[in-house]
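Trainee: Following this line is input09.cif, made up of mmCIF, C-alpha atoms; chains and numbers go by the auth columns:
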data_data
#
loop_
_atom_site.group_PDB
_atom_site.id
_atom_site.type_symbol
_atom_site.label_atom_id
_atom_site.label_comp_id
_atom_site.label_asym_id
_atom_site.label_seq_id
_atom_site.Cartn_x
_atom_site.Cartn_y
_atom_site.Cartn_z
_atom_site.B_iso_or_equiv
_atom_site.auth_seq_id
_atom_site.auth_asym_id
ATOM 1 C CA MET A 1 -13.888 -21.595 17.319 0.00 776 A
ATOM 2 C CA GLU A 2 -11.562 -23.198 14.802 0.00 777 A
ATOM 3 C CA THR A 3 -13.706 -21.863 11.937 0.00 778 A
ATOM 4 C CA VAL A 4 -13.514 -18.330 13.318 0.00 779 A
ATOM 5 C CA ILE A 5 -9.728 -18.544 13.443 0.00 780 A
ATOM 6 C CA GLN A 6 -9.571 -19.878 9.880 0.00 781 A
ATOM 7 C CA VAL A 7 -11.803 -17.081 8.593 0.00 782 A
ATOM 8 C CA PHE A 8 -9.695 -14.511 10.426 0.00 783 A
ATOM 9 C CA LEU A 9 -6.473 -15.898 8.942 0.00 784 A
ATOM 10 C CA VAL A 10 -7.939 -15.914 5.421 0.00 785 A
ATOM 11 C CA LEU A 11 -9.036 -12.296 5.823 0.00 786 A
ATOM 12 C CA LEU A 12 -5.650 -11.309 7.226 0.00 787 A
ATOM 13 C CA GLY A 13 -3.868 -13.069 4.390 0.00 788 A
ATOM 14 C CA SER A 14 -6.071 -11.393 1.787 0.00 789 A
ATOM 15 C CA TYR A 15 -5.530 -7.974 3.357 0.00 790 A
ATOM 16 C CA SER A 16 -1.774 -8.533 3.435 0.00 791 A
ATOM 17 C CA THR A 17 -1.610 -9.792 -0.148 0.00 792 A
ATOM 18 C CA LEU A 18 -3.604 -6.859 -1.491 0.00 793 A
ATOM 19 C CA GLY A 19 -1.497 -4.498 0.630 0.00 794 A
ATOM 20 C CA PHE A 20 1.726 -6.004 -0.706 0.00 795 A
ATOM 21 C CA LEU A 21 0.645 -5.625 -4.324 0.00 796 A
ATOM 22 C CA PHE A 22 -0.640 -2.103 -3.759 0.00 797 A
ATOM 23 C CA ALA A 23 2.538 -1.091 -1.894 0.00 798 A
ATOM 24 C CA LEU A 24 4.693 -2.171 -4.839 0.00 799 A
ATOM 25 C CA TYR A 25 2.591 -0.140 -7.247 0.00 800 A
ATOM 26 C CA PHE A 26 2.221 2.834 -4.925 0.00 801 A
ATOM 27 C CA LEU A 27 5.877 3.238 -3.991 0.00 802 A
ATOM 28 C CA PHE A 28 7.205 3.023 -7.528 0.00 803 A
ATOM 29 C CA VAL A 29 4.387 4.637 -9.553 0.00 804 A
ATOM 30 C CA GLY A 30 1.419 5.929 -7.581 0.00 805 A
ATOM 31 C CA ALA A 31 3.151 8.033 -4.940 0.00 806 A
ATOM 32 C CA ARG A 32 4.323 10.452 -7.628 0.00 807 A
ATOM 33 C CA LYS A 33 0.693 11.256 -8.383 0.00 808 A
ATOM 34 C CA ILE A 34 0.175 12.439 -4.812 0.00 809 A
ATOM 35 C CA ASP A 35 3.634 13.903 -4.188 0.00 810 A
ATOM 36 C CA PRO A 36 5.817 14.738 -7.218 0.00 811 A
ATOM 37 C CA LEU A 37 8.944 14.802 -5.022 0.00 812 A
ATOM 38 C CA MET A 38 8.673 11.042 -4.500 0.00 813 A
ATOM 39 C CA GLY A 39 10.166 10.636 -7.953 0.00 814 A
ATOM 40 C CA ASN A 40 13.530 11.796 -6.598 0.00 815 A
ATOM 41 C CA THR A 41 13.688 9.523 -3.556 0.00 816 A
ATOM 42 C CA LYS A 42 16.109 6.656 -3.229 0.00 817 A
ATOM 43 C CA LYS A 43 14.976 3.055 -3.233 0.00 818 A
ATOM 44 C CA SER A 44 16.162 2.687 0.355 0.00 819 A
ATOM 45 C CA VAL A 45 13.672 5.356 1.466 0.00 820 A
ATOM 46 C CA ARG A 46 10.894 3.575 -0.398 0.00 821 A
ATOM 47 C CA LEU A 47 11.897 0.350 1.307 0.00 822 A
ATOM 48 C CA LEU A 48 11.485 2.067 4.688 0.00 823 A
ATOM 49 C CA LEU A 49 8.017 3.290 3.680 0.00 824 A
ATOM 50 C CA PHE A 50 6.928 -0.163 2.498 0.00 825 A
ATOM 51 C CA PRO A 51 5.580 -1.537 5.839 0.00 826 A
ATOM 52 C CA GLY A 52 3.538 1.592 6.473 0.00 827 A
ATOM 53 C CA VAL A 53 2.012 1.513 3.004 0.00 828 A
ATOM 54 C CA LEU A 54 1.291 -2.190 3.364 0.00 829 A
ATOM 55 C CA ALA A 55 -0.583 -1.578 6.618 0.00 830 A
ATOM 56 C CA THR A 56 -2.533 1.518 5.533 0.00 831 A
ATOM 57 C CA TRP A 57 -3.263 0.726 1.891 0.00 832 A
ATOM 58 C CA PRO A 58 -7.054 1.301 2.072 0.00 833 A
ATOM 59 C CA PHE A 59 -6.485 4.926 3.090 0.00 834 A
ATOM 60 C CA LEU A 60 -3.773 5.476 0.508 0.00 835 A
ATOM 61 C CA ILE A 61 -5.754 3.957 -2.342 0.00 836 A
ATOM 62 C CA ARG A 62 -8.604 6.328 -1.545 0.00 837 A
ATOM 63 C CA LYS A 63 -6.205 9.277 -1.542 0.00 838 A
ATOM 64 C CA LEU A 64 -4.621 8.091 -4.789 0.00 839 A
ATOM 65 C CA LEU A 65 -8.006 7.827 -6.495 0.00 840 A
ATOM 66 C CA LYS A 66 -8.941 11.341 -5.335 0.00 841 A
ATOM 67 C CA SER A 67 -5.686 12.919 -6.554 0.00 842 A
ATOM 68 C CA LYS A 68 -5.986 14.989 -9.694 0.00 843 A
ATOM 69 C CA SER A 69 -2.310 15.003 -10.662 0.00 844 A
ATOM 70 C CA VAL A 70 -1.123 13.090 -13.730 0.00 845 A
#
Starting from the coordinates I provided, produce the structure as structure tokens.

Mentor:
Amino acid sequence: METVIQVFLVLLGSYSTLGFLFALYFLFVGARKIDPLMGNTKKSVRLLLFPGVLATWPFLIRKLLKSKSV
């Protein structure tokens, strides 16, 4: 049982780390490729979006890769 918990925590940590790195990129660079109006948003709005991007990064990375803008 202890091994299962350790594997789960490693997977959760990996998911969170990749999500954190992707969220930084996405909120300051990548979101403009999907929505050009994101370039005009304040940093406080991006900070509010950060937890959602961190949690849903696999869906957003797929959408970012499919976008044809810039």

Trainee: Selection in question (the file shown): the PyMOL selection byres ((chain A and resi 821) around 12). Which residues does it include, as a ChimeraX atom specification?

Mentor: /A:798-804,806-807,813-820,822-829

Trainee: Rounded to one decimal place, report the atom CA of Lys808 of chain A-atom CA of Ser789 of chain A distance in Å.

Mentor: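 Computed distance, atom CA of Lys808 of chain A to atom CA of Ser789 of chain A, equals 25.7 Å.
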
Trainee: Between atom CA of Tyr790 of chain A and atom CA of Asp810 of chain A, what distance in Å does the model show, to one decimal?

Mentor: 24.9 Å

Trainee: If I take atom CA of Gly794 of chain A and atom CA of Arg837 of chain A, how far is one from the other in Å, to one decimal?

Mentor: 13.1 Å

Trainee: Please write as JSON, numbers by chain the full residue list that the PyMOL selection byres ((chain A and resi 838-842) around 8) yields on this file.

Mentor: {"A": [805, 806, 808, 809, 834, 835, 836, 837, 843, 844]}

Trainee: As a PDB file, keeping the file's coordinate frame, could you write out segment 807-839 of chain A once it has been completed with N, CA and C atoms?

Mentor:
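And here is the file that came out, selection_13.pdb:
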ATOM      1  N   ARG A 807       4.005   9.242  -6.861  1.00  0.00           N
ATOM      2  CA  ARG A 807       4.323  10.452  -7.628  1.00  0.00           C
ATOM      3  C   ARG A 807       3.070  11.242  -7.996  1.00  0.00           C
ATOM      4  N   LYS A 808       1.942  10.574  -8.066  1.00  0.00           N
ATOM      5  CA  LYS A 808       0.693  11.256  -8.383  1.00  0.00           C
ATOM      6  C   LYS A 808       0.227  12.113  -7.214  1.00  0.00           C
ATOM      7  N   ILE A 809       0.545  11.683  -6.004  1.00  0.00           N
ATOM      8  CA  ILE A 809       0.175  12.439  -4.812  1.00  0.00           C
ATOM      9  C   ILE A 809       1.250  13.464  -4.473  1.00  0.00           C
ATOM     10  N   ASP A 810       2.506  13.037  -4.531  1.00  0.00           N
ATOM     11  CA  ASP A 810       3.634  13.903  -4.188  1.00  0.00           C
ATOM     12  C   ASP A 810       4.706  13.789  -5.275  1.00  0.00           C
ATOM     13  N   PRO A 811       4.841  14.809  -6.123  1.00  0.00           N
ATOM     14  CA  PRO A 811       5.817  14.738  -7.218  1.00  0.00           C
ATOM     15  C   PRO A 811       7.262  14.560  -6.750  1.00  0.00           C
ATOM     16  N   LEU A 812       7.575  14.946  -5.532  1.00  0.00           N
ATOM     17  CA  LEU A 812       8.944  14.802  -5.022  1.00  0.00           C
ATOM     18  C   LEU A 812       9.330  13.353  -4.752  1.00  0.00           C
ATOM     19  N   MET A 813       8.360  12.462  -4.709  1.00  0.00           N
ATOM     20  CA  MET A 813       8.673  11.042  -4.500  1.00  0.00           C
ATOM     21  C   MET A 813       9.462  10.456  -5.663  1.00  0.00           C
ATOM     22  N   GLY A 814       9.411  11.108  -6.803  1.00  0.00           N
ATOM     23  CA  GLY A 814      10.166  10.636  -7.953  1.00  0.00           C
ATOM     24  C   GLY A 814      11.662  10.728  -7.751  1.00  0.00           C
ATOM     25  N   ASN A 815      12.099  11.589  -6.839  1.00  0.00           N
ATOM     26  CA  ASN A 815      13.530  11.796  -6.598  1.00  0.00           C
ATOM     27  C   ASN A 815      14.060  11.013  -5.403  1.00  0.00           C
ATOM     28  N   THR A 816      13.232  10.235  -4.748  1.00  0.00           N
ATOM     29  CA  THR A 816      13.688   9.523  -3.556  1.00  0.00           C
ATOM     30  C   THR A 816      14.458   8.256  -3.921  1.00  0.00           C
ATOM     31  N   LYS A 817      15.322   7.869  -3.019  1.00  0.00           N
ATOM     32  CA  LYS A 817      16.109   6.656  -3.229  1.00  0.00           C
ATOM     33  C   LYS A 817      15.261   5.421  -2.937  1.00  0.00           C
ATOM     34  N   LYS A 818      15.704   4.306  -3.467  1.00  0.00           N
ATOM     35  CA  LYS A 818      14.976   3.055  -3.233  1.00  0.00           C
ATOM     36  C   LYS A 818      15.026   2.644  -1.771  1.00  0.00           C
ATOM     37  N   SER A 819      16.075   3.036  -1.062  1.00  0.00           N
ATOM     38  CA  SER A 819      16.162   2.687   0.355  1.00  0.00           C
ATOM     39  C   SER A 819      15.081   3.404   1.173  1.00  0.00           C
ATOM     40  N   VAL A 820      14.742   4.625   0.781  1.00  0.00           N
ATOM     41  CA  VAL A 820      13.672   5.356   1.466  1.00  0.00           C
ATOM     42  C   VAL A 820      12.336   4.681   1.182  1.00  0.00           C
ATOM     43  N   ARG A 821      12.146   4.264  -0.048  1.00  0.00           N
ATOM     44  CA  ARG A 821      10.894   3.575  -0.398  1.00  0.00           C
ATOM     45  C   ARG A 821      10.778   2.256   0.349  1.00  0.00           C
ATOM     46  N   LEU A 822      11.900   1.597   0.550  1.00  0.00           N
ATOM     47  CA  LEU A 822      11.897   0.350   1.307  1.00  0.00           C
ATOM     48  C   LEU A 822      11.477   0.601   2.760  1.00  0.00           C
ATOM     49  N   LEU A 823      11.899   1.724   3.323  1.00  0.00           N
ATOM     50  CA  LEU A 823      11.485   2.067   4.688  1.00  0.00           C
ATOM     51  C   LEU A 823       9.991   2.399   4.765  1.00  0.00           C
ATOM     52  N   LEU A 824       9.433   2.946   3.702  1.00  0.00           N
ATOM     53  CA  LEU A 824       8.017   3.290   3.680  1.00  0.00           C
ATOM     54  C   LEU A 824       7.117   2.086   3.424  1.00  0.00           C
ATOM     55  N   PHE A 825       7.696   1.015   2.918  1.00  0.00           N
ATOM     56  CA  PHE A 825       6.928  -0.163   2.498  1.00  0.00           C
ATOM     57  C   PHE A 825       6.016  -0.725   3.592  1.00  0.00           C
ATOM     58  N   PRO A 826       6.489  -0.957   4.818  1.00  0.00           N
ATOM     59  CA  PRO A 826       5.580  -1.537   5.839  1.00  0.00           C
ATOM     60  C   PRO A 826       4.397  -0.629   6.169  1.00  0.00           C
ATOM     61  N   GLY A 827       4.630   0.663   6.189  1.00  0.00           N
ATOM     62  CA  GLY A 827       3.538   1.592   6.473  1.00  0.00           C
ATOM     63  C   GLY A 827       2.493   1.603   5.378  1.00  0.00           C
ATOM     64  N   VAL A 828       2.943   1.558   4.127  1.00  0.00           N
ATOM     65  CA  VAL A 828       2.012   1.513   3.004  1.00  0.00           C
ATOM     66  C   VAL A 828       1.249   0.199   3.011  1.00  0.00           C
ATOM     67  N   LEU A 829       1.937  -0.885   3.315  1.00  0.00           N
ATOM     68  CA  LEU A 829       1.291  -2.190   3.364  1.00  0.00           C
ATOM     69  C   LEU A 829       0.182  -2.208   4.416  1.00  0.00           C
ATOM     70  N   ALA A 830       0.405  -1.564   5.534  1.00  0.00           N
ATOM     71  CA  ALA A 830      -0.583  -1.578   6.618  1.00  0.00           C
ATOM     72  C   ALA A 830      -1.745  -0.623   6.372  1.00  0.00           C
ATOM     73  N   THR A 831      -1.503   0.483   5.679  1.00  0.00           N
ATOM     74  CA  THR A 831      -2.533   1.518   5.533  1.00  0.00           C
ATOM     75  C   THR A 831      -3.019   1.668   4.097  1.00  0.00           C
ATOM     76  N   TRP A 832      -2.924   0.606   3.307  1.00  0.00           N
ATOM     77  CA  TRP A 832      -3.263   0.726   1.891  1.00  0.00           C
ATOM     78  C   TRP A 832      -4.696   1.150   1.606  1.00  0.00           C
ATOM     79  N   PRO A 833      -5.703   0.820   2.412  1.00  0.00           N
ATOM     80  CA  PRO A 833      -7.054   1.301   2.072  1.00  0.00           C
ATOM     81  C   PRO A 833      -7.163   2.830   2.090  1.00  0.00           C
ATOM     82  N   PHE A 834      -6.461   3.467   3.017  1.00  0.00           N
ATOM     83  CA  PHE A 834      -6.485   4.926   3.090  1.00  0.00           C
ATOM     84  C   PHE A 834      -5.718   5.547   1.930  1.00  0.00           C
ATOM     85  N   LEU A 835      -4.594   4.940   1.588  1.00  0.00           N
ATOM     86  CA  LEU A 835      -3.773   5.476   0.508  1.00  0.00           C
ATOM     87  C   LEU A 835      -4.406   5.265  -0.855  1.00  0.00           C
ATOM     88  N   ILE A 836      -5.099   4.174  -1.052  1.00  0.00           N
ATOM     89  CA  ILE A 836      -5.754   3.957  -2.342  1.00  0.00           C
ATOM     90  C   ILE A 836      -6.883   4.980  -2.533  1.00  0.00           C
ATOM     91  N   ARG A 837      -7.557   5.304  -1.466  1.00  0.00           N
ATOM     92  CA  ARG A 837      -8.604   6.328  -1.545  1.00  0.00           C
ATOM     93  C   ARG A 837      -7.998   7.688  -1.897  1.00  0.00           C
ATOM     94  N   LYS A 838      -6.882   8.009  -1.259  1.00  0.00           N
ATOM     95  CA  LYS A 838      -6.205   9.277  -1.542  1.00  0.00           C
ATOM     96  C   LYS A 838      -5.663   9.302  -2.968  1.00  0.00           C
ATOM     97  N   LEU A 839      -5.150   8.186  -3.432  1.00  0.00           N
ATOM     98  CA  LEU A 839      -4.621   8.091  -4.789  1.00  0.00           C
ATOM     99  C   LEU A 839      -5.737   8.275  -5.816  1.00  0.00           C
TER     100      LEU A 839
END
